[in-house]
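Notes to accompany the following structure.
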Amino acid sequence: MITELKCRDIDIWKTFTCGQCFRWKHRPDGSFAGAAAKRAARIKYASGVIVIEEDSVTDTPENRKEAEHFWAEYFDLSRDYGKAREWLLSHDEKIGDAVKAGDGIRILRQDLWETIVSFIISQNNNIPRIQGCIEALAELCGEKIPGSELYSLPSPEVLSGMTPDALAPVRLGYRAPYLVAAAREYIKLRPLLEAEPSLQGTPGTADISDTGKALTAAEEYSLLLSLTGVGPKVASCISLFGLGRIESFPIDVWVRRVMHEVYGFDEGDMRGMKKYAEEHFGQYGGLAQQYLFYFIRRQNM
DNA sequence: TTCCAGGTGGCAT
DNA sequence: ATGCCACATGGA
């Protein structure tokens with residue numbers, strides 16, 4: 001099935017290669033092939049339209065509607081990025097170059113559990129190797145996606161039933177036991193975390209506006225922190241990419257570098273960087289972080 | 001050989 | 001609450 005979504009404000013190359021996701025592979029024709037949640041797709045962009053080809057989905061009205069909803073959310077199409085960029089430019093003197101470099105990046109709204117797995121693997125690791133580990137993990141114990149050669153990532157149930165030794169082929173190193181423990185812990189937290197405020201009003205999603213059960217960003221963050229292998233940086237990435245908390249500002253080695261180079265912070269002054277981000281990047285901290293991350297990383301590669 | 005990568009857990013203060 | 005340090009793996 002082919003899904004077409006109008007979007008004037010996206011650069012899929014930047015969006016897929018800026019380090020927020022790890023499963024999309026660039027192809028010679030400029031398209032990307034990969035997987036998100038339980039779906040496999042080839043994606044290209046031309047003249048204001050994102051074209052998503054899914055061999056594993058047959059073209060029925062229900063499937064079409066579901067695909068449109070899934071991919072529109074995945075690409076965060078309801079957000080006005082032009083407005084976000086203007087907001088950042090008017091609230092910070094020095095972010096202009098990074099915004100210009102990162103123009104076209106959108107924050108992908110990824111599956112929560114996949115985001116947890118991906119960023120536990122990401123710790124003290126490099127991006128090519130993270131990609132390899134995730135593919136190996138999917139192939140070892142994920143589910144084959146029908147009509148595709150790709151596998152989805154293993155569910156928390158599958159992963160919680162494995163031993164770290166059984167994950168040896170994935171070459172996760174010391175992260176293997178983290179992943180197994182986090183899977184077990186996540187199963188308990190899932191009922192709390194799946195009441196997602198950003199999805200309120202979305203068809204097919206429970207409206208939790210009256211139940212009082214919606215978590216604040218801070219509450220979500222502290223729950224994520226309780227997972228084995230999840231510290232401040234990884235929890236921030238999960239908030240940003242897995243829960244749509246676009247104000248979240250993850251600080252890693254690259255962000256420390258760029259905050260030193262552009263803003264003059266001491267590279268150990270995480271406290272100051274965090275405060276600065278809150279005051280200057282505010283509601284768009286996560287987007288600012290991606291612009292800065294992309295900006296500094298591109299200079300060094 | 002040593003250093004590094006989208007850091008964190010465990011332990012000592 | 002904060003400061004070290006070991007941790008598995010593979011590429012530069």
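Each chain in the structure tokens gets a letter, A, B, ..., in the order shown, and its residues are numbered from 1; ligands are numbered from 1 in order too.
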
- Message: as a ChimeraX atom specification, please: every residue in range 98-171 of chain A that a backbone DSSP assignment puts in helix (DSSP H, G or I).
- Response: /A:98-101,112-122,127-141,156-160,164-170

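Near chain A, counting only C-alpha atoms (C1' of nucleotides) at 10 Å, the chain B residues are DC4, DA5, DG6, DG7, DT8 and DG9 of chain B.
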
Select from chain C every residue with an atom at most 9 Å from any atom of chain A, then for each give the shortest pair of atoms and their distance in Å to one decimal, using only C-alpha atoms (C1' of nucleotides), rows by chain and rising number, as CSV.
residue,atom,partner,partner_atom,distance
C:DC7,C1',A:Tyr174,CA,6.3
C:DA8,C1',A:Gly173,CA,3.7
C:DT9,C1',A:Gly173,CA,6.1
C:DG10,C1',A:Arg129,CA,8.0

Okay, now the selection with C-alpha atoms (C1' of nucleotides), as a tab-separated table (two decimals), in the first residue's frame?
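Saved the output as selection21.tsv:
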chain	number	residue	atom	x	y	z
C	7	DC	C1'	31.75	-1.68	32.40
C	8	DA	C1'	31.63	-4.73	26.66
C	9	DT	C1'	32.41	-3.88	22.08
C	10	DG	C1'	34.55	-2.47	17.77
